[in-house]
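First comes the structure, then the notes that go with it.
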Amino acid sequence: MKLTLSDRINFGIVAIKKHGFLLTMGLAFLGIGCFLIYLGIKNNNNIPLLVAGGFVILFMTFFLGYTMPSSLSFYYEKAIVKKYGSYTTASVIGKHVEDQSYEERIDNRVDNIELLFYIIDYKYTYQEEYFGSFYVTNKACFEAIEIGSDIPIKFLKHKPEQAKPRRQKLCKDLGLETNMCN
């Protein structure tokens with residue numbers, strides 16, 4: 001299935017709307033940088049104003065160029081799944097915990113920061129077999145999901161390898177509060 005031009009435009013608009021404030025602030029800072037450079041040129045090539053304006057422009061260009069593409073594509077894909085997604089169930093084939101805990105030293109004090117990611121592996125069939133993984137942040141949700149159990153997922157019919165869990169339905173099926181499966 002090929003997406004129509006109007007769908008692509010609509011999905012792009014949805015993704016951009018999610019970043020309206022960030023884009024507005026980025027453009028405002030780019031404008032401030034240009035204004036500082038303009039003032040620097042008008043004031044007999046005032047070096048501090050030129051450097052400050054150049055720094056603001058370079059920083060915002062780097063920031064927007066680094067963060068926006070991946071975030072925009074995430075929301076674009078999310079809009080596609082919302083419109084063209086199909087619902088099914090997947091079978092849980094594995095669970096594991098990824099530990100990224102670390103020590104944080106501030107002055108003479110050492111804080112142990114516990115950072116655990118609870119990862120669920122699953123498989124589902126749509127014309128052929130596909131595999132996927134997702135993580136949950138809540139230990140109770142992780143423990144409630146058993147290997148071999150079915151979980152609700154959504155996927156694209158024209159791109160079935162792209163699947164995501166239906167987290168709210170998963171929580172309801174497990175008898176948990178809806179925010180526990182995020």
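Just remember, in the structure tokens the first chain shown is A, the second B, etc., residues are 1-based per chain, and ligands are 1-based in the order shown.
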Show me, as a PDB file with C-alpha atoms, in the first residue's frame, the residues that have an atom within 7 Å of range 56-71 of chain A when counting only C-alpha atoms, minus same-chain residues fewer than 4 positions from it.
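What ended up in out-v2.pdb:
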ATOM      1  CA  GLY A  26      13.830  27.859  17.829  1.00  0.00           C
ATOM      2  CA  PHE A  29      16.267  32.340  18.886  1.00  0.00           C
ATOM      3  CA  LEU A  30      17.474  32.179  15.281  1.00  0.00           C
ATOM      4  CA  GLY A  33      20.993  35.543  16.620  1.00  0.00           C
ATOM      5  CA  ALA A  52      27.231  36.009  20.408  1.00  0.00           C
ATOM      6  CA  TYR A  75       5.079  11.344  15.489  1.00  0.00           C
TER       7      TYR A  75
END
Would you write out, as a tab-separated table, a table of all residues in range 42-88 of chain A that have an atom no more than 7 Å from an atom of range 147-155 of chain A, listing for each the closest atom pair and the distance in Å to one decimal, considering only C-alpha atoms and ordering rows by chain and rising residue number?
residue	atom	partner	partner_atom	distance
A:Val81	CA	A:Phe155	CA	6.6
A:Gly85	CA	A:Phe155	CA	5.1
A:Ser86	CA	A:Lys154	CA	5.3
A:Tyr87	CA	A:Lys154	CA	4.5
A:Thr88	CA	A:Ile153	CA	5.6
Generate a file of the selected residues that holds N, CA and C atoms, formatted as a tab-separated table (two decimals), in the first residue's frame.
chain	number	residue	atom	x	y	z
A	81	VAL	N	0.20	4.81	12.07
A	81	VAL	CA	-0.33	3.66	12.80
A	81	VAL	C	-1.75	3.93	13.27
A	85	GLY	N	-3.43	1.41	11.13
A	85	GLY	CA	-3.04	0.29	11.97
A	85	GLY	C	-4.12	-0.77	12.08
A	86	SER	N	-3.70	-1.97	12.38
A	86	SER	CA	-4.62	-3.08	12.59
A	86	SER	C	-4.32	-3.67	13.97
A	87	TYR	N	-5.34	-4.20	14.63
A	87	TYR	CA	-5.18	-4.73	15.97
A	87	TYR	C	-5.13	-6.25	15.92
A	88	THR	N	-4.28	-6.82	16.76
A	88	THR	CA	-4.20	-8.26	16.93
A	88	THR	C	-3.58	-8.53	18.29
Check your understanding: Looking only at the backbone, which of the residues in range 5-179 of chain A does DSSP tag as strand (DSSP E or B), as a ChimeraX atom specification?
Key -> /A:85-99,102-106,109-113,116-126,128-136,150-156,159-165
Write out the residues from the selection above, keeping C-alpha atoms, as a CSV table (one decimal), in the first residue's frame.
chain,number,residue,atom,x,y,z
A,85,GLY,CA,-3.0,0.3,12.0
A,86,SER,CA,-4.6,-3.1,12.6
A,87,TYR,CA,-5.2,-4.7,16.0
A,88,THR,CA,-4.2,-8.3,16.9
A,89,THR,CA,-2.6,-10.1,19.8
A,90,ALA,CA,1.0,-11.2,20.2
A,91,SER,CA,2.4,-14.0,22.3
A,92,VAL,CA,5.0,-13.1,24.9
A,93,ILE,CA,8.2,-15.2,24.3
A,94,GLY,CA,10.6,-13.6,26.8
A,95,LYS,CA,11.1,-11.1,29.5
A,96,HIS,CA,14.3,-9.6,30.9
A,97,VAL,CA,15.5,-6.7,32.9
A,98,GLU,CA,18.2,-4.3,31.6
A,99,ASP,CA,20.0,-2.8,34.5
A,102,TYR,CA,25.0,3.9,38.3
A,103,GLU,CA,26.7,5.8,41.1
A,104,GLU,CA,26.6,9.6,41.2
A,105,ARG,CA,29.3,11.3,43.2
A,106,ILE,CA,28.6,14.8,44.4
A,109,ARG,CA,28.5,11.9,48.9
A,110,VAL,CA,27.8,8.8,46.7
A,111,ASP,CA,24.3,8.2,45.5
A,112,ASN,CA,23.3,4.9,43.9
A,113,ILE,CA,20.8,5.6,41.1
A,116,LEU,CA,15.9,-0.6,35.4
A,117,PHE,CA,14.2,-1.2,32.1
A,118,TYR,CA,11.7,-4.1,32.0
A,119,ILE,CA,11.7,-5.5,28.5
A,120,ILE,CA,9.1,-7.8,27.0
A,121,ASP,CA,9.8,-9.8,23.8
A,122,TYR,CA,6.8,-11.0,21.7
A,123,LYS,CA,5.9,-12.6,18.4
A,124,TYR,CA,2.9,-12.3,16.2
A,125,THR,CA,1.7,-13.6,12.8
A,126,TYR,CA,0.4,-11.6,9.9
A,128,GLU,CA,4.4,-14.5,8.3
A,129,GLU,CA,5.9,-14.4,11.7
A,130,TYR,CA,7.3,-11.2,13.2
A,131,PHE,CA,9.1,-10.4,16.4
A,132,GLY,CA,9.2,-7.3,18.5
A,133,SER,CA,10.1,-5.9,21.9
A,134,PHE,CA,8.9,-3.1,24.2
A,135,TYR,CA,9.7,-1.9,27.6
A,136,VAL,CA,7.6,-1.0,30.6
A,150,ASP,CA,-1.2,-12.9,24.8
A,151,ILE,CA,-0.8,-9.1,24.7
A,152,PRO,CA,-2.7,-6.6,22.5
A,153,ILE,CA,-0.7,-4.9,19.8
A,154,LYS,CA,-1.3,-2.7,16.7
A,155,PHE,CA,0.7,-2.8,13.5
A,156,LEU,CA,0.6,-1.5,9.9
A,159,LYS,CA,4.5,-2.6,7.0
A,160,PRO,CA,3.7,-5.5,9.5
A,161,GLU,CA,7.2,-5.5,11.0
A,162,GLN,CA,6.3,-2.2,12.7
A,163,ALA,CA,4.2,-3.0,15.7
A,164,LYS,CA,3.5,-1.4,19.1
A,165,PRO,CA,1.7,-2.6,22.2
Exercise for review: Name the residues of chain A that fall into alpha helix (DSSP H) according to DSSP on the backbone, using the chain letters and numbers of this document, as a VMD selection string.
Suggested key: chain A and resid 5 to 17 20 to 42 47 to 84 139 to 144 167 to 174
Practice item. Find the residues around Ile80 in chain A up to 9 Å (only C-alpha atoms counted), leave out those fewer than 2 positions away in its own chain, and share them as a ChimeraX atom specification. Key: /A:7-8,11,75-78,82-85,156
Point to revise | For Ala144 in chain A: contacts at 8 Å, only C-alpha atoms, fewer than 3 positions along chain excluded, given as a PyMOL selection string | key: chain A and resi 140-141+174
Only N, CA and C atoms, please: the residues just picked out, written as a CSV table (one decimal), in the first residue's frame.
chain,number,residue,atom,x,y,z
A,140,ALA,N,5.4,-3.8,38.6
A,140,ALA,CA,4.1,-4.6,38.7
A,140,ALA,C,3.6,-5.0,37.4
A,141,CYS,N,3.6,-4.1,36.4
A,141,CYS,CA,3.2,-4.5,35.1
A,141,CYS,C,4.1,-5.6,34.5
A,174,LEU,N,-4.8,-6.7,32.3
A,174,LEU,CA,-4.1,-7.2,33.5
A,174,LEU,C,-4.7,-6.7,34.8
Point to revise | Nearby residues (only C-alpha atoms) at most 6 Å from range 12-15 of chain A, same-chain spacing under 2 positions excluded, as a list in words | key: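 My reading of the contact set: Ile9, Asn10, Lys17, Lys18, Leu72, Tyr75 and Tyr76 of chain A.
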